[in-house]
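**Student:** Input structure: final-v7.cif, which contains mmCIF, C-alpha atoms.
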```
data_query
loop_
_atom_site.label_atom_id
_atom_site.label_comp_id
_atom_site.auth_asym_id
_atom_site.auth_seq_id
_atom_site.Cartn_x
_atom_site.Cartn_y
_atom_site.Cartn_z
CA MET A 915 -8.88 -14.09 3.47
CA VAL A 916 -5.76 -11.96 3.35
CA VAL A 917 -5.37 -9.01 5.71
CA VAL A 918 -2.53 -6.50 5.34
CA GLY A 919 -1.69 -3.14 6.82
CA ALA A 920 -0.95 0.12 5.03
CA ASP A 921 1.54 2.90 5.58
CA ARG A 922 -0.49 5.45 3.62
CA LEU A 923 -3.82 5.42 1.78
CA ALA A 924 -4.81 7.76 -1.05
CA ALA A 925 -8.30 9.27 -1.32
CA ASN A 926 -9.42 6.57 -3.79
CA GLY A 927 -8.29 3.76 -1.47
CA ASP A 928 -4.98 2.83 -3.10
CA PRO A 929 -2.67 1.81 -0.23
CA ALA A 930 1.11 2.05 -0.09
CA SER A 931 2.40 -0.94 1.87
CA LYS A 932 5.61 -2.86 2.30
CA ILE A 933 7.05 -4.14 -0.96
CA GLY A 934 5.34 -7.34 -2.08
CA THR A 935 1.82 -6.38 -1.00
CA TYR A 936 0.70 -5.63 -4.55
CA GLY A 937 1.80 -9.09 -5.71
CA LEU A 938 -0.03 -10.66 -2.78
CA ALA A 939 -3.23 -8.80 -3.78
CA VAL A 940 -2.93 -10.03 -7.37
CA LEU A 941 -2.46 -13.61 -6.19
CA ALA A 942 -5.42 -13.34 -3.82
CA GLN A 943 -7.64 -12.12 -6.66
CA ALA A 944 -6.41 -14.87 -9.00
CA HIS A 945 -7.40 -17.48 -6.42
CA GLY A 946 -10.68 -15.92 -5.33
CA ILE A 947 -9.42 -14.98 -1.88
CA PRO A 948 -10.75 -11.72 -0.42
CA PHE A 949 -8.04 -9.11 0.21
CA TYR A 950 -8.52 -6.63 3.08
CA VAL A 951 -6.52 -3.65 4.30
CA ALA A 952 -6.57 -2.83 8.03
CA ALA A 953 -5.35 0.66 8.86
CA PRO A 954 -6.10 3.50 11.25
CA SER A 955 -7.99 6.47 9.84
CA SER A 956 -4.86 8.60 10.38
CA THR A 957 -3.25 6.63 7.52
CA PHE A 958 -5.51 8.27 4.90
CA ASP A 959 -4.06 11.20 2.97
CA LEU A 960 -7.06 12.71 1.21
CA SER A 961 -4.82 15.30 -0.48
CA LEU A 962 -3.56 12.50 -2.74
CA PRO A 963 -6.21 11.52 -5.31
CA SER A 964 -4.64 8.14 -6.06
CA GLY A 965 -1.73 5.90 -5.21
CA ASP A 966 0.39 7.07 -8.12
CA ARG A 967 0.86 10.32 -6.15
CA ILE A 968 2.22 8.59 -3.03
CA PRO A 969 5.98 9.19 -2.74
CA ILE A 970 7.82 5.87 -2.56
CA GLU A 971 10.98 5.63 -0.48
CA GLN A 972 13.96 4.18 -2.34
CA ARG A 973 16.19 1.96 -0.23
CA ASP A 974 19.98 1.87 -0.42
CA SER A 975 21.15 0.09 -3.60
CA ARG A 976 23.73 -1.83 -1.56
CA GLU A 977 20.89 -3.90 -0.10
CA VAL A 978 20.70 -5.47 -3.57
CA THR A 979 24.28 -5.23 -4.84
CA ASP A 980 26.15 -6.22 -1.67
CA GLY A 981 24.48 -9.30 -0.28
CA PHE A 982 26.09 -11.13 2.62
CA GLY A 983 28.49 -8.25 3.26
CA ARG A 984 30.28 -8.37 -0.08
CA PRO A 985 29.59 -7.27 -3.66
CA THR A 986 27.27 -9.70 -5.44
CA ALA A 987 26.48 -7.58 -8.53
CA PRO A 988 28.67 -5.84 -11.11
CA ALA A 989 29.91 -2.38 -10.10
CA GLY A 990 27.76 0.44 -11.44
CA VAL A 991 24.67 -1.67 -12.05
CA ASN A 992 21.41 0.32 -11.88
CA VAL A 993 19.22 -0.68 -8.95
CA TYR A 994 15.54 -0.04 -8.28
CA ASN A 995 14.94 -0.86 -4.62
CA PRO A 996 11.61 0.58 -3.40
CA ALA A 997 10.58 0.07 0.22
CA PHE A 998 6.86 0.17 -0.66
CA ASP A 999 4.49 -0.65 -3.49
CA VAL A 1000 0.99 0.58 -4.25
CA THR A 1001 -1.96 -1.78 -4.56
CA PRO A 1002 -4.84 -0.64 -6.80
CA ALA A 1003 -8.04 -0.15 -4.78
CA GLY A 1004 -9.88 -2.39 -7.25
CA LEU A 1005 -8.11 -5.40 -5.74
CA ILE A 1006 -9.34 -4.63 -2.21
CA ALA A 1007 -12.54 -6.18 -0.83
CA ALA A 1008 -12.73 -3.67 2.04
CA ILE A 1009 -10.69 -1.37 4.26
CA VAL A 1010 -11.08 -1.88 7.99
CA THR A 1011 -10.51 1.14 10.25
CA GLU A 1012 -11.18 1.83 13.91
CA HIS A 1013 -14.43 3.45 12.75
CA GLY A 1014 -15.76 0.54 10.72
CA VAL A 1015 -15.53 -1.21 7.38
CA ILE A 1016 -15.26 0.73 4.12
CA ARG A 1017 -16.91 -1.20 1.33
CA PRO A 1018 -16.92 -0.72 -1.59
CA VAL A 1019 -13.50 0.89 -1.64
CA ASN A 1020 -13.90 4.25 -3.36
CA GLU A 1021 -13.38 7.90 -2.54
CA SER A 1022 -16.98 8.67 -1.61
CA MET A 1023 -17.20 5.76 0.85
CA ILE A 1024 -13.81 6.68 2.34
CA ARG A 1025 -14.78 10.32 2.81
CA ALA A 1026 -18.12 9.30 4.35
CA ASN A 1027 -16.39 6.94 6.80
CA LEU A 1028 -13.84 9.54 7.83
CA ALA A 1029 -16.45 12.30 8.16
CA ALA A 1030 -18.67 10.10 10.33
CA SER A 1031 -15.75 9.31 12.60
CA GLN A 1032 -15.18 12.99 13.47
CA PHE A 1033 -18.33 13.24 15.62
#
```
Kindly transcribe the structure held in the file into structure tokens.
**Tutor:**
Amino acid sequence: MVVVGADRLAANGDPASKIGTYGLAVLAQAHGIPFYVAAPSSTFDLSLPSGDRIPIEQRDSREVTDGFGRPTAPAGVNVYNPAFDVTPAGLIAAIVTEHGVIRPVNESMIRANLAASQF
């Protein structure tokens, strides 16, 4: 199995995680390996219906253009350097929180898990 964390989870279960997590989820699915997200319930943002609404931090372009302390790319090149990516909930076997396991990963199961944890 693969277990990753999440920095933010949308209501439908799409997590935003460190860049590269989405690719890891795709590879896990391609090889029949279950992919799990472990995150505290405070990570859920139920005001966001899906991961495409999660704001993604853009890192400094010099992290790409100035490797090893000197320019390594042509001046003025356009850079896309996100700190996070979003993994579609359909690639996730389950989400593990301090209140239990959410499976299947969908909005109704997430809301039920979070509601049950408030008692």
**Student:** Is it possible to get the axis-aligned box enclosing stretch 922-938 of chain A (all listed atoms, 4 Å extra per side) as lines of an AutoDock Vina configuration file, with centre and edge lengths in Å rounded to one decimal?
**Tutor:**
```
center_x = -1.2
center_y = -0.7
center_z = -1.0
size_x = 24.5
size_y = 27.9
size_z = 17.3
```
**Student:** Any chance you could resolve the PyMOL selection byres ((chain A and resi 1025) around 12) against this file and give the residues as a VMD selection string?
**Tutor:** chain A and resid 924 to 927 955 958 to 961 963 1016 to 1017 1019 to 1024 1026 to 1032
**Student:** Could you jot down the atom CA of A:Ala952 to atom CA of A:Val940 separation for me, Å, one decimal place?
**Tutor:**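 Computed distance, atom CA of A:Ala952 to atom CA of A:Val940, equals 17.4 Å.
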**Student:** Work out how far apart atom CA of A:Met915 and atom CA of A:Gly1014 are and give it in Å to one decimal.
**Tutor:**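 Between atom CA of A:Met915 and atom CA of A:Gly1014 the gap works out to 17.7 Å.
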**Student:** Find, counting all atoms listed in the file, the residue in A:Gly983, A:Pro969, A:Pro954, A:Pro948 that gets nearest to A:Val1010.
**Tutor:**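 Of all the options, A:Pro954 lies closest to A:Val1010.
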**Student:** What separation in Å, quoted to one decimal, exists between atom CA of A:Val918 and atom CA of A:Val993?
**Tutor:** 26.7 Å
**Student:** Can you translate the PyMOL selection byres ((chain A and resi 1005) around 9) into the concrete residues it hits in this file, as a PyMOL selection string?
**Tutor:** chain A and resi 936+939-940+942-943+948-950+1001-1004+1006-1007
**Student:** Evaluate the PyMOL selection byres ((chain A and resi 970) around 8) against this structure - the residues, as a PyMOL selection string, please.
**Tutor:** chain A and resi 968-969+971-972+996-999
**Student:** Compare A:Val1000, A:Asp928, A:Val916, A:Pro1018 by their minimum atom-to-atom distance to A:Ser964, counting all atoms listed in the file, and give me the closest one.
**Tutor:**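 Closest to A:Ser964, using all atoms listed in the file: A:Asp928.
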**Student:** Between A:Leu941, A:Arg967, A:Thr957, A:Asn992, which has the minimum distance to A:Thr1011 (counting all atoms listed in the file)?
**Tutor:**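 Using all atoms listed in the file, the shortest distance to A:Thr1011 belongs to A:Thr957.
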